[in-house]
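Take a look at the structure set out below.
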Amino acid sequence: MKKNNTHHSKLRPIACTIASALILFSFEAQAKFADTPLHLQNENSVSENKVKPQVMFLLDDSGSMQWEVTTDNDAAPGQSRMDIAKKALHRVLDKYQDKFRWGLHTLNDPSRNTNGYITYEKMKDEVNKLKIYGPTPTTLAYYKTAQTVMEHTLYRCQKNYIVLMSDGDANESYKVPHPRSYLTGAYIQSIPYYTVIPQFTASLNSGRPAAVNGKFPAPTNLLNNYGKQNGVFTPSPNNPFRLYQPYTPNFVNDLYFGYREGGRPAFRYYRATWDISESWDEFWDRDTGLQWFSKTLATKDFKKVGDRDPSKPYQELHWDGHPDDPEDYSKQTAETFTVGFGGSLSNEGKKYLLNGASKPSYYFNAENADSLVQSFETIFSNIADANVPVKTTGTIAPTVFGNGVPNLAAIVDVNTGSWSSRIKFFDVNSEGKLNTAQTKEPLFSERKTLINLGRPIGTAGGREIYWADNIENGNNGMFNLPETAPANEWREALIPWITRAQDDNALSAHAKTSNFSQPYRIRPTDAASSANTNANDSGNQRNLGDILDTPILTIGDLVDNRQKYLVTAANDGMVHLFQAHNQQHPYSLKLSYIPAGADREAGNTMGRLLKDVAHKDYGKKIQPHHYLINGGLVLRRTAPENNQSHAFLFGAMGQGGRGAYALNIGGYDRGTNRLTGIDSPANDWINTVPLFETAKGVNNQLGYTVGTPQIGRVALQRTNQKVDINEDVVYAGFLANGYSDQKGKNQETALYIYNMLGQNARSGQAKGTKGEVIEKIVIPNTMGGLSSPTLVDTDFDGVIDIAYAGDYRGNMYRFDLRDNPNQWKANRIYQGSTDQPITSAPAVSRMGKDKYVVIFGTGSELYQDDRDSKAQQAVYGIYDDVSQQAQEVKSDQLLQQELTVNGNLREVTNKPFNPQTHKGWKVNLGAGDGERVVVKPTMVLRSAFISTRIYHSQTTTTRSADGDLCLPTVTNSKTDSSSWVLALNAATGGKVSKADAHIKFIQKADDPNAIAAGMRYSGIINFNYVDGTRAGDYSVTPDGDSGGTGTDKPLNEGGSGAPKNHCFSKKGKRFILKTDQETLEVDGKVCNSVRRISWREIF
């Protein structure tokens, strides 16, 4: 799954709710992509739930519950709304039984209220006894229910939930008896008088401490002016009737909830009479009346230190929390779910229930029996979660900057609590040591954002790419926000959250007050200035999403000894383009690009998951982590001409999607001779940055493009295998077709080759179309999915001749490009096995003209069940003579070297290699521990430097303290990881000698020549090889590997001759920089600088 190590010192990638505890992974879940990277998995579950959550049902027992579900007609026996509600409740009770404590209140019948909590068997009896009569005094009943919930909370850790189900609009907060007529003089007046009786004032303020002592509303008769329209009496400038006497408005004066006066009475008359059929309070029974109680109950602590109830069997001593609590129990609250059932609710009634839910997602509109059952099922699977955040260094190799020994390095920190990353820059001294005492970070205040929606929208034929803050004809549907969401939610909440255009706290508050469809996440910031969206405080976790697997790469001319451009991508769904800035902030984020239209599974795109990333509960089981972009990147710069060049990139979506994207980074477009990418004026970036994206919809046959694309120059026509570099060469992007999101699904194995620029690689003149497929090379009769390729220029003329790539079934292929594109072909050079998948690119070691050793490791960490796989993996070296037809090698034709372990060091055998019988070599990795290789080996001279990974799932149990039931038995399941860094001889797979490039794992005074084959480290270790003598960032290595990040040399028709790859050109500082911020010295033979032609004796 991991990406290639690049081979240049300056351009390396860097290091990177109630029932949920009962959920078990199915086999299918284990076979899917892991939601969280294996090394970051860390989860707590309560195995002894001593304190059970409490669920209080508040059920509508009004007269309308006798009706049919969808009409106002009386239902047949057994088919009423109440009958259906009872069946749904019994299903819930039978499923969860005594996992919870159950309670019941009704709107009208106090005799049915449990006034506390009971067992599920008793609860089933109470459900069976429910009867139907009365109005719908929902708000009044909720207030009384809330009192019961608060009074019967016994433990600081006890979670409380109210589940309110109603089939009609709330009413009866005012009671209004029938009107009276009266005589005046000799006439009978038809103007009725009404008596208004407030129910809150009469019922709710006795027996509880007041918020404001002695405060109550003044009697009023301001409601004289009423008229009747459409059956409802509402305020009117006319005077058709009068109140019989002044009345006192409804009010609440409660120490916990506070003081609040109600609204005016409203009446509905019965048919053509003045008789009242229904009455309500315009505040308490509408809009935010229920919310006034439920929001307080969900956010305000209702227990305080010292609260005691001698009548209760348990006395909680730590209402403000205990130091050993597994989470914060210092605040006791209750959350509310609301369910509107049946067809009688008006739009006002639905809004009342929506507002009354603790979160918008806690409201359910159930218009039939099935949806009522589903509503309850969703409620009881969405209440709790327990994931433990992990803060760690990333797994990508460190990035270093500048020619020679670098003066700056970058390493990524990943925090799974906020699912964020921070790029940290460290100064590097002349010995290659990092100054970890001081760090620097990028500047983020200059960020602009582009979004590619993947399909044309808008006027005049539409566009696909927009500035994210100015999407023409945008709508909620583009981002999978629900139909019930306010129409402006995408613009006012989701897009500002994604682009960091507003402060998270303000945005979250706005989402609540606007009743948006979901709560929005507040990303942590430590500094006081964090409300400023331009802040660069050291604790700011809102600037970048989690960077996993995608490298940080640099390219371009040097600015203060660091490359001009830096690029990465993250699981916030963005590709980030930085430009060199100043000493305090070495780079500034200029542009973020969102390939939102990238395909995922059928009917879904990456952009439709952005709302999940913004959700308050992102990263929990109910809103699990998503990969949006974690594929590899490659940057390329054209050969400079007249001090001008063109930098561009090709990136894969990884597990975030089935596709790839290409962008201009900067420099000059040689076709127009104009500035391009982020070097062009900022307003032009919408036109100058995007190059293309791969096909979407029915034309997309790609799998999930996990791996690293490559860029190389290819010939569109050859005559007798000869290339006309003036006419026939273009820049091409190489993309492996990738894998299925579920292990075992069929996925073709193919290599896609795209025209990157639509230009002649030498002149810049138009040649083809950017983004078009030059050729798709399909490997027949295999369905494993292809892994990242490696490109080889065999004659060093600047044109790719050969490519190598493996597949998920363990096979390795040679792709021959030394003909016209319709003759390009693939041949298997190694037949592997399905239990040794190849998921990273191979390295190549050039042994002579046309003779290579293709070196690769096996293993996978794509799928959840890979974590516990103990299948033995290996490192292979397969000989391939590209001047001959490809020969298929099998395992029994390989020389096998053996690894042995001595503490934290490894040794490897050095058995002799016989080319007459051996077609390559093999080194088995650890037996029984699942050790694997998921990163491309790094070639240094003729030695292969390799990092491996080992995962171990560990479970620990913590017992609760005696007497305190809120300290339960907790089982923690996490993944421990370790790594080996190995150095193997490329020719034999055996031990490297002093003359070979070798890593100085050990320094022995008594044996300075001691050379180990490897060393073990805790955690996931990746590294970057740094050669202090290297003077450029060229894209080709001494072995001819030419597909990675770097600057091209000019095309050379005759070839430039093969460079030496068996010795270092001169003495200098060489080392590997690991993700743990440590360096290890690299040494080896230095070539002779003066060669003796002949000698003779002088007399």
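Naming scheme: A, B, ... for chains in displayed order of the structure tokens; residues 1 onward per chain; ligands 1 onward as shown.
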
Which polymer residues have any atom within 6 Å of an atom of stretch 787-798 of chain A, counting only C-alpha atoms, with same-chain residues fewer than 5 positions away left out, as a list in words? Gly707, Thr708, Ala736, Ala803, Tyr804, Ala805, Gly806, Asp807, Thr839, Ser840, Ala841, Gly1040, Asp1041, Ser1042, Gly1043, Leu1051, Asn1052, Glu1053, Gly1055 and Ser1056 of chain A

Kindly export the residues of the current selection with N, CA and C atoms, as an mmCIF file, in the first residue's frame.
```
data_model
loop_
_atom_site.group_PDB
_atom_site.id
_atom_site.type_symbol
_atom_site.label_atom_id
_atom_site.label_comp_id
_atom_site.auth_asym_id
_atom_site.auth_seq_id
_atom_site.Cartn_x
_atom_site.Cartn_y
_atom_site.Cartn_z
ATOM 1 N N GLY A 707 -0.763 3.411 -4.817
ATOM 2 C CA GLY A 707 0.575 3.325 -5.382
ATOM 3 C C GLY A 707 1.022 4.674 -5.901
ATOM 4 N N THR A 708 2.157 4.667 -6.565
ATOM 5 C CA THR A 708 2.760 5.902 -7.054
ATOM 6 C C THR A 708 2.836 5.896 -8.569
ATOM 7 N N ALA A 736 -0.610 2.457 -12.686
ATOM 8 C CA ALA A 736 -1.107 1.098 -12.483
ATOM 9 C C ALA A 736 -2.595 1.148 -12.174
ATOM 10 N N ALA A 803 9.601 -0.976 -18.532
ATOM 11 C CA ALA A 803 8.989 -0.741 -17.221
ATOM 12 C C ALA A 803 8.824 -2.084 -16.519
ATOM 13 N N TYR A 804 8.847 -2.043 -15.193
ATOM 14 C CA TYR A 804 8.604 -3.235 -14.390
ATOM 15 C C TYR A 804 7.501 -2.924 -13.380
ATOM 16 N N ALA A 805 6.640 -3.911 -13.113
ATOM 17 C CA ALA A 805 5.615 -3.767 -12.077
ATOM 18 C C ALA A 805 5.147 -5.151 -11.653
ATOM 19 N N GLY A 806 4.757 -5.255 -10.384
ATOM 20 C CA GLY A 806 4.212 -6.499 -9.857
ATOM 21 C C GLY A 806 2.711 -6.400 -9.682
ATOM 22 N N ASP A 807 2.076 -7.511 -9.295
ATOM 23 C CA ASP A 807 0.633 -7.495 -9.070
ATOM 24 C C ASP A 807 0.299 -8.115 -7.721
ATOM 25 N N THR A 839 2.847 -5.092 -3.494
ATOM 26 C CA THR A 839 2.054 -3.860 -3.417
ATOM 27 C C THR A 839 2.913 -2.606 -3.518
ATOM 28 N N SER A 840 4.185 -2.750 -3.845
ATOM 29 C CA SER A 840 5.047 -1.580 -4.032
ATOM 30 C C SER A 840 5.879 -1.777 -5.287
ATOM 31 N N ALA A 841 6.482 -0.702 -5.739
ATOM 32 C CA ALA A 841 7.262 -0.751 -6.975
ATOM 33 C C ALA A 841 8.581 -1.483 -6.745
ATOM 34 N N GLY A 1040 19.482 3.771 -14.269
ATOM 35 C CA GLY A 1040 18.546 4.018 -15.355
ATOM 36 C C GLY A 1040 17.109 4.169 -14.907
ATOM 37 N N ASP A 1041 16.836 4.059 -13.595
ATOM 38 C CA ASP A 1041 15.494 4.289 -13.060
ATOM 39 C C ASP A 1041 15.126 5.742 -13.330
ATOM 40 N N SER A 1042 14.085 5.956 -14.131
ATOM 41 C CA SER A 1042 13.841 7.300 -14.676
ATOM 42 C C SER A 1042 12.421 7.810 -14.465
ATOM 43 N N GLY A 1043 11.622 7.169 -13.624
ATOM 44 C CA GLY A 1043 10.217 7.559 -13.522
ATOM 45 C C GLY A 1043 9.867 8.435 -12.359
ATOM 46 N N LEU A 1051 17.118 15.585 -24.035
ATOM 47 C CA LEU A 1051 17.135 14.336 -24.795
ATOM 48 C C LEU A 1051 18.455 14.210 -25.544
ATOM 49 N N ASN A 1052 18.933 12.978 -25.647
ATOM 50 C CA ASN A 1052 20.233 12.723 -26.274
ATOM 51 C C ASN A 1052 20.069 11.542 -27.212
ATOM 52 N N GLU A 1053 20.057 11.819 -28.494
ATOM 53 C CA GLU A 1053 19.688 10.800 -29.474
ATOM 54 C C GLU A 1053 20.612 9.596 -29.442
ATOM 55 N N GLY A 1055 22.337 8.590 -26.829
ATOM 56 C CA GLY A 1055 22.571 8.114 -25.480
ATOM 57 C C GLY A 1055 23.816 8.755 -24.896
ATOM 58 N N SER A 1056 23.819 8.971 -23.596
ATOM 59 C CA SER A 1056 24.933 9.683 -22.966
ATOM 60 C C SER A 1056 25.948 8.744 -22.339
#
```

Please identify all polymer residues within 8 Å of A:Ile118, counting only C-alpha atoms, omitting same-chain residues fewer than 3 positions from it, and present them as a CSV table (one decimal) with N, CA and C atoms, in the first residue's frame.
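See selection.csv below for the written result:
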```csv
chain,number,residue,atom,x,y,z
A,101,ARG,N,-31.1,0.3,31.0
A,101,ARG,CA,-32.2,0.5,31.9
A,101,ARG,C,-33.2,1.3,31.2
A,102,TRP,N,-34.5,0.8,31.4
A,102,TRP,CA,-35.6,1.4,30.6
A,102,TRP,C,-36.6,2.2,31.4
A,103,GLY,N,-37.1,3.2,30.8
A,103,GLY,CA,-38.1,4.0,31.5
A,103,GLY,C,-39.2,4.4,30.5
A,114,THR,N,-43.3,5.2,34.6
A,114,THR,CA,-42.5,4.3,35.5
A,114,THR,C,-41.8,5.2,36.6
A,122,LYS,N,-40.2,-6.0,32.6
A,122,LYS,CA,-41.3,-5.1,33.1
A,122,LYS,C,-41.7,-4.1,32.1
A,123,MET,N,-40.7,-3.6,31.4
A,123,MET,CA,-40.9,-2.6,30.3
A,123,MET,C,-41.8,-3.1,29.3
```

Contact check, stretch 569-653 of chain A to stretch 686-690 of chain A, at most 12 Å, counting only C-alpha atoms, closest pairs as CSV:
```
residue,atom,partner,partner_atom,distance
A:Val575,CA,A:Pro690,CA,11.3
A:His576,CA,A:Val689,CA,11.8
A:Leu577,CA,A:Val689,CA,10.1
A:Lys590,CA,A:Val689,CA,11.6
A:Leu591,CA,A:Val689,CA,9.3
A:Ser592,CA,A:Val689,CA,10.5
A:Tyr593,CA,A:Pro690,CA,8.7
A:Ile594,CA,A:Pro690,CA,10.6
A:Pro595,CA,A:Pro690,CA,10.1
A:His646,CA,A:Val689,CA,11.8
A:Ala647,CA,A:Val689,CA,10.7
A:Phe648,CA,A:Val689,CA,8.9
A:Leu649,CA,A:Pro690,CA,10.1
A:Phe650,CA,A:Pro690,CA,10.8
```

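Omitting A:Pro198 and its sequence neighbours fewer than 4 positions away, and counting only C-alpha atoms, the residues within 9 Å are Glu172, Ser173, Tyr174, Lys175, Val176, Ala202, Ser203, Tyr247, Thr248, Pro249, Asn250, Phe251, Pro265 and Asp281 of chain A.
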
Selection from above, N, CA and C atoms, as a PDB file, in the first residue's frame, can you write it?
```pdb
ATOM      1  N   GLU A 172     -52.146  22.190  23.866  1.00  0.00           N
ATOM      2  CA  GLU A 172     -52.659  22.182  25.231  1.00  0.00           C
ATOM      3  C   GLU A 172     -51.754  22.828  26.264  1.00  0.00           C
ATOM      4  N   SER A 173     -50.797  23.654  25.821  1.00  0.00           N
ATOM      5  CA  SER A 173     -50.082  24.428  26.832  1.00  0.00           C
ATOM      6  C   SER A 173     -50.964  25.536  27.385  1.00  0.00           C
ATOM      7  N   TYR A 174     -51.981  25.906  26.618  1.00  0.00           N
ATOM      8  CA  TYR A 174     -53.082  26.705  27.144  1.00  0.00           C
ATOM      9  C   TYR A 174     -54.361  25.888  26.993  1.00  0.00           C
ATOM     10  N   LYS A 175     -55.209  25.888  28.028  1.00  0.00           N
ATOM     11  CA  LYS A 175     -56.540  25.308  27.898  1.00  0.00           C
ATOM     12  C   LYS A 175     -57.543  26.454  27.743  1.00  0.00           C
ATOM     13  N   VAL A 176     -58.448  26.298  26.785  1.00  0.00           N
ATOM     14  CA  VAL A 176     -59.440  27.343  26.523  1.00  0.00           C
ATOM     15  C   VAL A 176     -60.820  26.690  26.485  1.00  0.00           C
ATOM     16  N   ALA A 202     -49.664  26.662  36.057  1.00  0.00           N
ATOM     17  CA  ALA A 202     -50.402  25.880  37.046  1.00  0.00           C
ATOM     18  C   ALA A 202     -49.651  24.637  37.488  1.00  0.00           C
ATOM     19  N   SER A 203     -48.760  24.103  36.632  1.00  0.00           N
ATOM     20  CA  SER A 203     -48.239  22.760  36.876  1.00  0.00           C
ATOM     21  C   SER A 203     -46.750  22.650  37.142  1.00  0.00           C
ATOM     22  N   TYR A 247     -55.259  37.097  31.614  1.00  0.00           N
ATOM     23  CA  TYR A 247     -54.679  35.794  31.920  1.00  0.00           C
ATOM     24  C   TYR A 247     -53.193  35.986  32.208  1.00  0.00           C
ATOM     25  N   THR A 248     -52.629  34.988  32.886  1.00  0.00           N
ATOM     26  CA  THR A 248     -51.189  34.977  33.158  1.00  0.00           C
ATOM     27  C   THR A 248     -50.511  34.065  32.145  1.00  0.00           C
ATOM     28  N   PRO A 249     -49.546  34.545  31.349  1.00  0.00           N
ATOM     29  CA  PRO A 249     -48.894  33.686  30.344  1.00  0.00           C
ATOM     30  C   PRO A 249     -48.177  32.502  30.987  1.00  0.00           C
ATOM     31  N   ASN A 250     -48.058  31.440  30.210  1.00  0.00           N
ATOM     32  CA  ASN A 250     -47.228  30.318  30.628  1.00  0.00           C
ATOM     33  C   ASN A 250     -45.816  30.800  30.940  1.00  0.00           C
ATOM     34  N   PHE A 251     -45.207  30.196  31.942  1.00  0.00           N
ATOM     35  CA  PHE A 251     -43.807  30.530  32.199  1.00  0.00           C
ATOM     36  C   PHE A 251     -43.152  29.391  32.967  1.00  0.00           C
ATOM     37  N   PRO A 265     -51.689  32.732  23.293  1.00  0.00           N
ATOM     38  CA  PRO A 265     -52.555  31.594  22.966  1.00  0.00           C
ATOM     39  C   PRO A 265     -52.964  31.633  21.500  1.00  0.00           C
ATOM     40  N   ASP A 281     -49.798  27.130  22.784  1.00  0.00           N
ATOM     41  CA  ASP A 281     -48.948  28.272  23.104  1.00  0.00           C
ATOM     42  C   ASP A 281     -48.020  28.499  21.908  1.00  0.00           C
TER      43      ASP A 281
END
```

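Nearest residue to A:Gln884, choosing from A:Gln897, A:Ala927, A:Pro1059, A:Lys851 and counting only C-alpha atoms: A:Lys851.
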
Residues within 8 Å of stretch 1061-1068 of chain A, please, as a PDB file with N, CA and C atoms, in the first residue's frame. Count only C-alpha atoms; anything in the same chain fewer than 4 positions from it doesn't count.
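The resulting file, out-v1.pdb, is shown below:
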```
ATOM      1  N   ARG A 846      21.452  -2.129 -12.221  1.00  0.00           N
ATOM      2  CA  ARG A 846      22.056  -2.391 -13.537  1.00  0.00           C
ATOM      3  C   ARG A 846      23.389  -3.110 -13.338  1.00  0.00           C
ATOM      4  N   LEU A 941      24.604   2.434  -4.995  1.00  0.00           N
ATOM      5  CA  LEU A 941      25.546   1.600  -5.736  1.00  0.00           C
ATOM      6  C   LEU A 941      24.828   0.291  -6.082  1.00  0.00           C
ATOM      7  N   ARG A 942      25.438  -0.833  -5.739  1.00  0.00           N
ATOM      8  CA  ARG A 942      24.773  -2.107  -6.029  1.00  0.00           C
ATOM      9  C   ARG A 942      24.314  -2.795  -4.738  1.00  0.00           C
ATOM     10  N   ASP A 996      31.046  -2.502  -0.886  1.00  0.00           N
ATOM     11  CA  ASP A 996      29.679  -2.198  -1.282  1.00  0.00           C
ATOM     12  C   ASP A 996      29.147  -1.025  -0.449  1.00  0.00           C
ATOM     13  N   ASP A1027      22.892  11.985  -0.311  1.00  0.00           N
ATOM     14  CA  ASP A1027      24.260  11.986  -0.831  1.00  0.00           C
ATOM     15  C   ASP A1027      24.751  13.424  -0.867  1.00  0.00           C
ATOM     16  N   GLY A1028      25.675  13.762   0.038  1.00  0.00           N
ATOM     17  CA  GLY A1028      26.157  15.131   0.145  1.00  0.00           C
ATOM     18  C   GLY A1028      26.969  15.600  -1.035  1.00  0.00           C
ATOM     19  N   THR A1029      27.332  14.679  -1.945  1.00  0.00           N
ATOM     20  CA  THR A1029      28.113  15.082  -3.118  1.00  0.00           C
ATOM     21  C   THR A1029      27.241  15.314  -4.342  1.00  0.00           C
ATOM     22  N   PRO A1038      21.818   6.259 -11.577  1.00  0.00           N
ATOM     23  CA  PRO A1038      22.880   5.520 -12.278  1.00  0.00           C
ATOM     24  C   PRO A1038      22.434   4.153 -12.802  1.00  0.00           C
ATOM     25  N   ASP A1039      21.309   3.634 -12.271  1.00  0.00           N
ATOM     26  CA  ASP A1039      20.791   2.355 -12.763  1.00  0.00           C
ATOM     27  C   ASP A1039      19.827   2.525 -13.926  1.00  0.00           C
ATOM     28  N   GLY A1084      31.099   3.258   1.509  1.00  0.00           N
ATOM     29  CA  GLY A1084      31.348   2.330   0.419  1.00  0.00           C
ATOM     30  C   GLY A1084      32.548   2.762  -0.392  1.00  0.00           C
ATOM     31  N   LYS A1085      32.842   2.004  -1.422  1.00  0.00           N
ATOM     32  CA  LYS A1085      34.025   2.249  -2.240  1.00  0.00           C
ATOM     33  C   LYS A1085      33.896   3.558  -3.014  1.00  0.00           C
ATOM     34  N   VAL A1086      34.995   4.311  -3.086  1.00  0.00           N
ATOM     35  CA  VAL A1086      35.076   5.526  -3.894  1.00  0.00           C
ATOM     36  C   VAL A1086      35.899   5.219  -5.137  1.00  0.00           C
ATOM     37  N   CYS A1087      35.414   5.645  -6.286  1.00  0.00           N
ATOM     38  CA  CYS A1087      36.120   5.379  -7.537  1.00  0.00           C
ATOM     39  C   CYS A1087      37.484   6.084  -7.540  1.00  0.00           C
ATOM     40  N   SER A1089      40.196   8.460  -8.855  1.00  0.00           N
ATOM     41  CA  SER A1089      40.064   9.702  -9.630  1.00  0.00           C
ATOM     42  C   SER A1089      41.059   9.779 -10.765  1.00  0.00           C
TER      43      SER A1089
END
```
